>>> print(open('query_1.cif').read())   # mmCIF, C-alpha atoms
data_final
#
loop_
_atom_site.label_atom_id
_atom_site.label_comp_id
_atom_site.auth_asym_id
_atom_site.auth_seq_id
_atom_site.Cartn_x
_atom_site.Cartn_y
_atom_site.Cartn_z
CA MET A 621 17.82 10.79 11.49
CA LEU A 622 14.55 8.98 12.31
CA THR A 623 13.09 10.34 9.07
CA ASP A 624 16.09 8.98 7.12
CA HIS A 625 15.72 5.52 8.66
CA PHE A 626 11.98 5.61 7.96
CA LYS A 627 12.65 6.50 4.31
CA ASP A 628 15.26 3.74 4.03
CA ALA A 629 12.82 1.17 5.41
CA PHE A 630 10.05 2.12 2.96
CA ARG A 631 12.45 2.39 0.03
CA ALA A 632 13.02 -1.34 0.57
CA HIS A 633 9.26 -2.05 0.89
CA PRO A 634 7.84 -2.96 -2.52
CA ALA A 635 4.56 -1.55 -3.79
CA GLY A 636 2.22 -1.73 -6.71
CA VAL A 637 2.05 1.30 -8.98
CA ALA A 638 -1.01 3.35 -9.95
CA VAL A 639 -1.73 6.47 -11.94
CA ILE A 640 -4.54 8.54 -10.44
CA THR A 641 -6.32 10.98 -12.75
CA ALA A 642 -8.98 13.62 -12.30
CA HIS A 643 -10.68 16.29 -14.36
CA GLY A 644 -9.66 19.68 -13.00
CA PRO A 645 -10.65 23.26 -13.75
CA ALA A 646 -7.78 23.54 -16.25
CA GLY A 647 -8.26 20.10 -17.82
CA PRO A 648 -7.09 16.55 -17.11
CA VAL A 649 -4.41 15.89 -14.48
CA GLY A 650 -2.70 12.75 -13.23
CA LEU A 651 0.10 11.51 -11.00
CA THR A 652 1.89 8.28 -10.18
CA ALA A 653 1.20 6.83 -6.74
CA SER A 654 2.62 3.78 -4.96
CA SER A 655 0.33 4.17 -1.95
CA VAL A 656 -2.92 2.73 -3.32
CA SER A 657 -4.38 -0.05 -1.21
CA SER A 658 -7.71 -1.83 -0.84
CA VAL A 659 -9.41 -1.11 2.49
CA SER A 660 -12.83 -2.71 2.20
CA ALA A 661 -14.29 -4.97 -0.51
CA ASP A 662 -18.00 -4.53 0.26
CA PRO A 663 -18.52 -1.63 -0.13
CA PRO A 664 -15.42 -1.37 -2.35
CA ILE A 665 -13.20 1.34 -0.86
CA LEU A 666 -9.55 2.14 -1.49
CA VAL A 667 -7.06 4.48 0.16
CA PHE A 668 -4.12 6.49 -1.15
CA SER A 669 -2.00 9.40 -0.01
CA LEU A 670 -0.69 12.57 -1.63
CA ALA A 671 2.59 14.09 -0.44
CA SER A 672 1.69 17.56 -1.64
CA ALA A 673 -1.31 19.78 -2.26
CA LEU A 674 0.34 21.58 -5.16
CA GLY A 675 -0.11 21.09 -8.89
CA SER A 676 -1.76 17.86 -10.00
CA ALA A 677 -1.87 16.57 -6.41
CA GLY A 678 -3.85 19.62 -5.39
CA VAL A 679 -6.36 19.09 -8.19
CA ILE A 680 -6.75 15.40 -7.22
CA ALA A 681 -7.06 16.31 -3.52
CA ALA A 682 -9.95 18.62 -4.39
CA ALA A 683 -11.67 16.38 -6.97
CA GLU A 684 -15.06 14.80 -6.41
CA ASN A 685 -14.22 11.81 -8.63
CA VAL A 686 -10.91 10.18 -9.55
CA VAL A 687 -9.82 7.26 -11.71
CA VAL A 688 -7.26 4.94 -10.11
CA HIS A 689 -5.38 2.98 -12.79
CA LEU A 690 -3.56 -0.09 -11.44
CA LEU A 691 -0.60 -0.50 -13.76
CA GLY A 692 0.90 -3.61 -15.30
CA ALA A 693 4.48 -4.23 -16.40
CA ARG A 694 3.67 -2.98 -19.92
CA ASN A 695 2.66 0.40 -18.39
CA ALA A 696 6.07 1.36 -16.97
CA HIS A 697 6.15 4.29 -19.43
CA LEU A 698 2.94 5.65 -17.86
CA ALA A 699 4.44 5.36 -14.37
CA SER A 700 7.49 7.34 -15.49
CA LEU A 701 5.48 9.92 -17.43
CA PHE A 702 3.13 10.71 -14.53
CA ALA A 703 5.96 10.74 -11.97
CA ARG A 704 7.79 13.55 -13.80
CA ALA A 705 7.06 17.03 -12.45
CA GLY A 706 5.74 19.48 -14.99
CA ALA A 707 5.48 16.97 -17.83
CA ASP A 708 2.86 17.68 -20.47
CA ARG A 709 1.02 14.42 -20.13
CA PHE A 710 -2.26 14.44 -22.00
CA THR A 711 -0.79 14.84 -25.46
CA GLU A 712 -1.80 13.00 -28.59
CA ASP A 713 0.90 10.42 -27.81
CA LEU A 714 -1.05 9.25 -24.76
CA ALA A 715 -3.83 6.65 -25.10
CA TRP A 716 -6.66 8.26 -23.15
CA GLU A 717 -10.28 9.31 -23.40
CA SER A 718 -12.77 11.26 -21.28
CA LEU A 719 -15.40 9.28 -19.37
CA PRO A 720 -18.99 10.63 -19.46
CA ALA A 721 -18.49 12.69 -16.27
CA GLY A 722 -15.20 14.05 -17.58
CA GLU A 723 -12.61 11.94 -15.74
CA PRO A 724 -9.60 11.00 -17.92
CA LEU A 725 -9.27 7.24 -18.57
CA LEU A 726 -5.88 5.82 -19.55
CA THR A 727 -6.99 3.07 -21.89
CA GLU A 728 -3.79 1.01 -21.66
CA ALA A 729 -4.04 0.20 -17.93
CA PRO A 730 -5.32 -3.34 -17.22
CA HIS A 731 -7.60 -2.12 -14.40
CA ALA A 732 -9.10 1.35 -13.97
CA LEU A 733 -11.28 2.08 -10.94
CA ARG A 734 -13.63 5.05 -11.19
CA ALA A 735 -14.15 6.27 -7.64
CA ARG A 736 -15.84 8.98 -5.58
CA VAL A 737 -13.68 10.57 -2.89
CA LEU A 738 -15.16 9.87 0.55
CA SER A 739 -12.68 11.58 2.89
CA ARG A 740 -9.58 13.77 2.92
CA THR A 741 -7.47 13.82 6.10
CA ALA A 742 -4.30 15.80 6.76
CA VAL A 743 -1.63 13.38 8.07
CA GLY A 744 1.68 15.05 8.85
CA ALA A 745 2.60 16.97 5.71
CA SER A 746 0.46 14.73 3.49
CA ILE A 747 -3.19 14.08 2.71
CA LEU A 748 -4.79 10.66 3.10
CA LEU A 749 -7.83 10.03 0.87
CA THR A 750 -10.40 7.27 0.84
CA ALA A 751 -12.58 6.70 -2.22
CA GLU A 752 -15.49 4.41 -2.98
CA VAL A 753 -15.19 2.57 -6.26
CA LEU A 754 -18.23 3.10 -8.50
CA GLU A 755 -17.08 1.14 -11.52
CA VAL A 756 -14.22 -1.16 -12.51
CA LEU A 757 -13.12 -0.59 -16.09
CA ALA A 758 -10.90 -3.37 -17.36
CA SER A 759 -9.70 -1.23 -20.18
CA GLY A 760 -6.43 -2.85 -21.15
CA GLU A 761 -5.26 -6.41 -21.59
CA PRO A 762 -4.26 -8.51 -18.56
CA ASP A 763 -0.62 -8.02 -17.70
CA GLU A 764 2.08 -9.03 -15.26
CA PRO A 765 2.30 -6.70 -12.26
CA LEU A 766 4.53 -3.65 -12.07
CA VAL A 767 6.42 -3.32 -8.77
CA TYR A 768 8.08 -0.18 -7.37
CA HIS A 769 11.09 -0.96 -5.20
CA ASN A 770 14.21 1.00 -4.31
CA ARG A 771 13.04 3.88 -6.54
CA THR A 772 12.94 1.62 -9.61
CA TYR A 773 10.16 -0.14 -11.53
CA HIS A 774 10.38 -3.91 -11.70
CA ARG A 775 8.64 -6.79 -13.35
CA LEU A 776 7.71 -9.70 -11.09
CA GLY A 777 9.34 -12.89 -12.36
CA THR A 778 6.69 -15.55 -12.86
CA HIS A 779 9.23 -18.19 -11.80
CA SER A 780 9.73 -16.60 -8.44
CA ALA A 781 6.82 -17.80 -6.28
CA LEU A 782 8.06 -18.81 -2.84
CA MET B 1192 -20.45 -8.08 -9.03
CA LEU B 1193 -18.70 -4.74 -8.44
CA THR B 1194 -17.12 -6.21 -5.31
CA ASP B 1195 -15.85 -9.21 -7.33
CA HIS B 1196 -14.30 -6.96 -9.97
CA PHE B 1197 -12.76 -4.82 -7.23
CA LYS B 1198 -11.25 -7.92 -5.61
CA ASP B 1199 -9.94 -9.14 -8.98
CA ALA B 1200 -8.27 -5.79 -9.65
CA PHE B 1201 -6.51 -5.72 -6.26
CA ARG B 1202 -5.55 -9.39 -6.44
CA ALA B 1203 -3.45 -8.37 -9.46
CA HIS B 1204 -2.00 -5.32 -7.64
CA PRO B 1205 1.28 -6.29 -5.95
CA ALA B 1206 2.11 -5.21 -2.41
CA GLY B 1207 4.84 -5.43 0.17
CA VAL B 1208 4.22 -7.67 3.15
CA ALA B 1209 4.35 -6.73 6.83
CA VAL B 1210 3.66 -8.44 10.14
CA ILE B 1211 2.11 -6.08 12.69
CA THR B 1212 2.44 -7.04 16.36
CA ALA B 1213 1.13 -5.64 19.62
CA HIS B 1214 1.11 -6.55 23.28
CA GLY B 1215 -2.46 -7.34 24.28
CA PRO B 1216 -4.19 -8.16 27.56
CA ALA B 1217 -3.67 -11.89 26.89
CA GLY B 1218 -0.10 -11.60 25.60
CA PRO B 1219 1.57 -10.93 22.25
CA VAL B 1220 -0.48 -10.92 19.03
CA GLY B 1221 0.38 -10.40 15.39
CA LEU B 1222 -1.04 -10.55 11.89
CA THR B 1223 0.14 -10.34 8.30
CA ALA B 1224 -0.84 -7.19 6.40
CA SER B 1225 -0.29 -6.17 2.79
CA SER B 1226 -1.78 -2.70 3.29
CA VAL B 1227 1.13 -0.91 4.99
CA SER B 1228 2.17 2.30 3.26
CA SER B 1229 4.21 5.38 4.10
CA VAL B 1230 2.10 8.54 4.31
CA SER B 1231 4.47 11.22 5.58
CA ALA B 1232 8.24 11.11 6.14
CA ASP B 1233 8.58 14.10 8.47
CA PRO B 1234 6.97 13.38 10.87
CA PRO B 1235 7.25 9.67 9.95
CA ILE B 1236 3.70 8.32 9.69
CA LEU B 1237 2.42 5.11 8.13
CA VAL B 1238 -1.07 3.78 7.40
CA PHE B 1239 -2.54 0.27 7.35
CA SER B 1240 -5.98 -1.31 7.43
CA LEU B 1241 -7.56 -4.20 9.30
CA ALA B 1242 -10.41 -6.16 7.71
CA SER B 1243 -11.79 -7.29 11.04
CA ALA B 1244 -12.02 -6.22 14.65
CA LEU B 1245 -11.94 -9.80 15.95
CA GLY B 1246 -9.06 -11.79 17.41
CA SER B 1247 -5.56 -10.44 16.81
CA ALA B 1248 -6.92 -7.63 14.60
CA GLY B 1249 -9.12 -6.44 17.46
CA VAL B 1250 -6.15 -6.35 19.84
CA ILE B 1251 -4.08 -4.40 17.30
CA ALA B 1252 -6.99 -2.03 16.58
CA ALA B 1253 -7.15 -1.23 20.30
CA ALA B 1254 -3.39 -1.07 20.98
CA GLU B 1255 -1.59 2.13 21.89
CA ASN B 1256 1.67 0.95 20.30
CA VAL B 1257 2.38 -1.49 17.49
CA VAL B 1258 5.48 -2.84 15.76
CA VAL B 1259 5.28 -2.92 11.95
CA HIS B 1260 7.79 -5.42 10.55
CA LEU B 1261 8.51 -4.93 6.83
CA LEU B 1262 9.37 -8.42 5.60
CA GLY B 1263 12.07 -9.58 3.23
CA ALA B 1264 12.09 -12.64 0.97
CA ARG B 1265 13.72 -14.72 3.72
CA ASN B 1266 10.71 -13.98 5.97
CA ALA B 1267 8.06 -15.72 3.83
CA HIS B 1268 7.55 -18.23 6.69
CA LEU B 1269 6.59 -15.33 8.99
CA ALA B 1270 4.08 -14.02 6.44
CA SER B 1271 2.46 -17.48 6.24
CA LEU B 1272 2.51 -18.07 9.99
CA PHE B 1273 0.85 -14.75 10.84
CA ALA B 1274 -1.71 -15.07 8.01
CA ARG B 1275 -3.07 -18.36 9.40
CA ALA B 1276 -6.13 -17.95 11.60
CA GLY B 1277 -5.83 -19.37 15.09
CA ALA B 1278 -2.18 -20.35 14.76
CA ASP B 1279 -0.17 -20.42 17.97
CA ARG B 1280 2.48 -17.97 16.86
CA PHE B 1281 4.69 -16.91 19.73
CA THR B 1282 6.17 -20.33 20.44
CA GLU B 1283 9.80 -21.12 21.14
CA ASP B 1284 10.26 -21.77 17.41
CA LEU B 1285 9.72 -18.07 16.67
CA ALA B 1286 12.64 -15.61 16.90
CA TRP B 1287 11.13 -12.80 18.97
CA GLU B 1288 11.68 -10.72 22.08
CA SER B 1289 9.72 -8.16 24.10
CA LEU B 1290 10.70 -4.50 23.75
CA PRO B 1291 10.93 -2.43 26.96
CA ALA B 1292 7.29 -1.28 26.71
CA GLY B 1293 6.15 -4.84 26.00
CA GLU B 1294 5.65 -4.87 22.22
CA PRO B 1295 6.77 -8.11 20.54
CA LEU B 1296 9.72 -7.69 18.15
CA LEU B 1297 10.29 -10.30 15.44
CA THR B 1298 14.08 -10.26 15.30
CA GLU B 1299 14.38 -11.77 11.81
CA ALA B 1300 12.63 -8.93 9.93
CA PRO B 1301 15.03 -6.54 8.16
CA HIS B 1302 13.09 -3.46 9.29
CA ALA B 1303 10.84 -3.12 12.34
CA LEU B 1304 9.06 0.18 13.00
CA ARG B 1305 7.87 0.81 16.54
CA ALA B 1306 4.90 3.15 16.24
CA ARG B 1307 2.20 4.89 18.26
CA VAL B 1308 -1.31 4.67 16.83
CA LEU B 1309 -2.58 8.16 15.93
CA SER B 1310 -6.05 7.45 14.51
CA ARG B 1311 -8.55 4.66 13.96
CA THR B 1312 -11.28 5.24 11.35
CA ALA B 1313 -14.08 2.89 10.34
CA VAL B 1314 -14.07 2.56 6.53
CA GLY B 1315 -16.75 0.26 5.17
CA ALA B 1316 -16.38 -2.99 7.10
CA SER B 1317 -12.72 -2.29 7.91
CA ILE B 1318 -10.62 -0.04 10.14
CA LEU B 1319 -7.98 2.32 8.79
CA LEU B 1320 -5.18 3.18 11.23
CA THR B 1321 -2.42 5.76 11.08
CA ALA B 1322 0.62 5.45 13.33
CA GLU B 1323 3.62 7.68 14.01
CA VAL B 1324 6.94 5.84 13.94
CA LEU B 1325 8.95 6.36 17.15
CA GLU B 1326 11.90 4.15 16.35
CA VAL B 1327 13.26 2.14 13.41
CA LEU B 1328 14.81 -1.12 14.52
CA ALA B 1329 16.90 -2.72 11.78
CA SER B 1330 16.83 -6.02 13.55
CA GLY B 1331 17.58 -8.49 10.79
CA GLU B 1332 19.97 -8.56 7.89
CA PRO B 1333 19.20 -6.68 4.67
CA ASP B 1334 17.18 -8.82 2.30
CA GLU B 1335 15.48 -8.83 -1.07
CA PRO B 1336 11.85 -7.70 -0.90
CA LEU B 1337 8.90 -10.01 -0.42
CA VAL B 1338 5.97 -9.28 -2.75
CA TYR B 1339 2.36 -10.42 -2.33
CA HIS B 1340 0.56 -10.89 -5.64
CA ASN B 1341 -2.35 -13.06 -6.72
CA ARG B 1342 -2.56 -14.52 -3.19
CA THR B 1343 1.02 -15.82 -3.36
CA TYR B 1344 4.35 -14.60 -1.96
CA HIS B 1345 7.03 -13.80 -4.49
CA ARG B 1346 10.65 -12.83 -4.59
CA LEU B 1347 11.52 -9.86 -6.79
CA GLY B 1348 14.06 -10.92 -9.38
CA THR B 1349 17.07 -8.61 -9.23
CA HIS B 1350 17.43 -8.97 -12.99
CA SER B 1351 14.01 -7.55 -13.64
CA ALA B 1352 14.36 -3.76 -13.44
CA LEU B 1353 12.51 -2.12 -16.30
#
>>> encode(input="query_1.cif", output="C-alpha cells")
Amino acid sequence: MLTDHFKDAFRAHPAGVAVITAHGPAGPVGLTASSVSSVSADPPILVFSLASALGSAGVIAAAENVVVHLLGARNAHLASLFARAGADRFTEDLAWESLPAGEPLLTEAPHALRARVLSRTAVGASILLTAEVLEVLASGEPDEPLVYHNRTYHRLGTHSAL
Amino acid sequence: MLTDHFKDAFRAHPAGVAVITAHGPAGPVGLTASSVSSVSADPPILVFSLASALGSAGVIAAAENVVVHLLGARNAHLASLFARAGADRFTEDLAWESLPAGEPLLTEAPHALRARVLSRTAVGASILLTAEVLEVLASGEPDEPLVYHNRTYHRLGTHSAL
C-alpha cells in the first residue's frame, strides 16, 4: 500500500532521461535511467541508481568506468531501445563508437559524460552509484530536453516557461 | 573548464522539483531541490543532495525526519520562494501546517512524502542523503508536473508525448 503510493507519487515526478553504457566482459552494455542527477560541480560528481544487479545493470554496477549520455528530445528512440529488456542494442543500426578505454559512446546524444565510479551502495533492493566525471563529450547537436513522466517520454514545450 | 562543461550538461538536463522541509531547533525550514529521485520502491527509499551545509540545508542535513514535497505546475511559487536565500518562508501567506512529530507540511503540494533520513554521505563539496518514506500524504489536488530546465520552471505540455 505504502509502496503503491510511493510509486504513484514518483510516476508523477518528471525526470530527465539518460542512457548509461559500459564495456563489459561480453562486450558493450547500456540501459536507460531516469535517476541521474548532479551532486557536486567541483569536483564534478553525479549519482544514479540501478534497480537490479542482473544483466546490463549488473555489468554497469561492476564497471570501473561508465558513460552517462544525457538525452535530448531527438533521442527518444535511444531511451526506448535501452529500456527494452533483452534487446540487441549495439547493432549496425546504432550510432556508436568505442572510446580509447573501451567504453561505448552513443554519438547522437547531445552530452556524454565519461565517468569513473566512486562508490556503490546497496539501498533497499537497489544500488546507488556515484561517479566522478573525467570528460564531457558534446557528441551530438544541441537539442530540446527529453522528459520522462507518467511512464511516457515527452518533449518540453519551449512556450511553456512559467 | 571541466566543471563548466559539467554544469552546462546538467543545466540542459530536466528535473522534477521538490521542496524539502524539516523542523529545526529554530523552527521550520525548507529548500527547493531538483535532485530528488526514487531509489527503491519496496522498501520505499528516495535520494537527494544538498550543495551546502549552511542555513536551511544544514538543518535538513542534520534532521531525523524530513518532508519531501513533489511539486506540480501550480506550485511554481513554492519552488521560487524556497529557492531564494534568506527569504522568510513560513509566514501567514504560506499554506502549511505542522505534522504530529513537528515536520512542516506544505498543504498545496500534490504529493508530500514524510521520510526518515537513513544515510548522509559527503560527496565532493555536497551531501548525499537517502531517506525511507514512512507515509505518503496526498495533500493537494492532482496537477501537471513542474519541470526545472535551463534554470527556469516549465510546465509539461500535455500534447507533447513522443
>>> resolve_selection(input="query_1.cif", expression="the PyMOL selection byres ((chain A) within 7 of (chain B))", output="number ranges by chain")
A: 622-623, 625-627, 629-630, 632-636, 655, 657-664, 669, 671, 690, 731, 743-746, 755-756, 765, 767, 772-777, 780-782
>>> resolve_selection(input="query_1.cif", expression="the PyMOL selection byres ((chain B and resi 1250) around 12)", output="VMD selection string")
chain B and resid 1211 to 1222 1241 1243 to 1249 1251 to 1257
>>> write_last_selection(input="query_1.cif", atoms="C-alpha atoms", output="PDB file, in the coordinates of the input")
ATOM      1  CA  ILE B1211       2.110  -6.080  12.690  1.00  0.00           C
ATOM      2  CA  THR B1212       2.440  -7.040  16.360  1.00  0.00           C
ATOM      3  CA  ALA B1213       1.130  -5.640  19.620  1.00  0.00           C
ATOM      4  CA  HIS B1214       1.110  -6.550  23.280  1.00  0.00           C
ATOM      5  CA  GLY B1215      -2.460  -7.340  24.280  1.00  0.00           C
ATOM      6  CA  PRO B1216      -4.190  -8.160  27.560  1.00  0.00           C
ATOM      7  CA  ALA B1217      -3.670 -11.890  26.890  1.00  0.00           C
ATOM      8  CA  GLY B1218      -0.100 -11.600  25.600  1.00  0.00           C
ATOM      9  CA  PRO B1219       1.570 -10.930  22.250  1.00  0.00           C
ATOM     10  CA  VAL B1220      -0.480 -10.920  19.030  1.00  0.00           C
ATOM     11  CA  GLY B1221       0.380 -10.400  15.390  1.00  0.00           C
ATOM     12  CA  LEU B1222      -1.040 -10.550  11.890  1.00  0.00           C
ATOM     13  CA  LEU B1241      -7.560  -4.200   9.300  1.00  0.00           C
ATOM     14  CA  SER B1243     -11.790  -7.290  11.040  1.00  0.00           C
ATOM     15  CA  ALA B1244     -12.020  -6.220  14.650  1.00  0.00           C
ATOM     16  CA  LEU B1245     -11.940  -9.800  15.950  1.00  0.00           C
ATOM     17  CA  GLY B1246      -9.060 -11.790  17.410  1.00  0.00           C
ATOM     18  CA  SER B1247      -5.560 -10.440  16.810  1.00  0.00           C
ATOM     19  CA  ALA B1248      -6.920  -7.630  14.600  1.00  0.00           C
ATOM     20  CA  GLY B1249      -9.120  -6.440  17.460  1.00  0.00           C
ATOM     21  CA  ILE B1251      -4.080  -4.400  17.300  1.00  0.00           C
ATOM     22  CA  ALA B1252      -6.990  -2.030  16.580  1.00  0.00           C
ATOM     23  CA  ALA B1253      -7.150  -1.230  20.300  1.00  0.00           C
ATOM     24  CA  ALA B1254      -3.390  -1.070  20.980  1.00  0.00           C
ATOM     25  CA  GLU B1255      -1.590   2.130  21.890  1.00  0.00           C
ATOM     26  CA  ASN B1256       1.670   0.950  20.300  1.00  0.00           C
ATOM     27  CA  VAL B1257       2.380  -1.490  17.490  1.00  0.00           C
TER      28      VAL B1257
END
>>> atom_distance(input="query_1.cif", atom1="atom CA of Ser1289 of chain B", atom2="atom CA of Leu1269 of chain B")
17.0 Å
>>> atom_distance(input="query_1.cif", atom1="atom CA of Phe702 of chain A", atom2="atom CA of Arg1342 of chain B")
28.2 Å
>>> atom_distance(input="query_1.cif", atom1="atom CA of Asn1266 of chain B", atom2="atom CA of Leu1297 of chain B")
10.2 Å
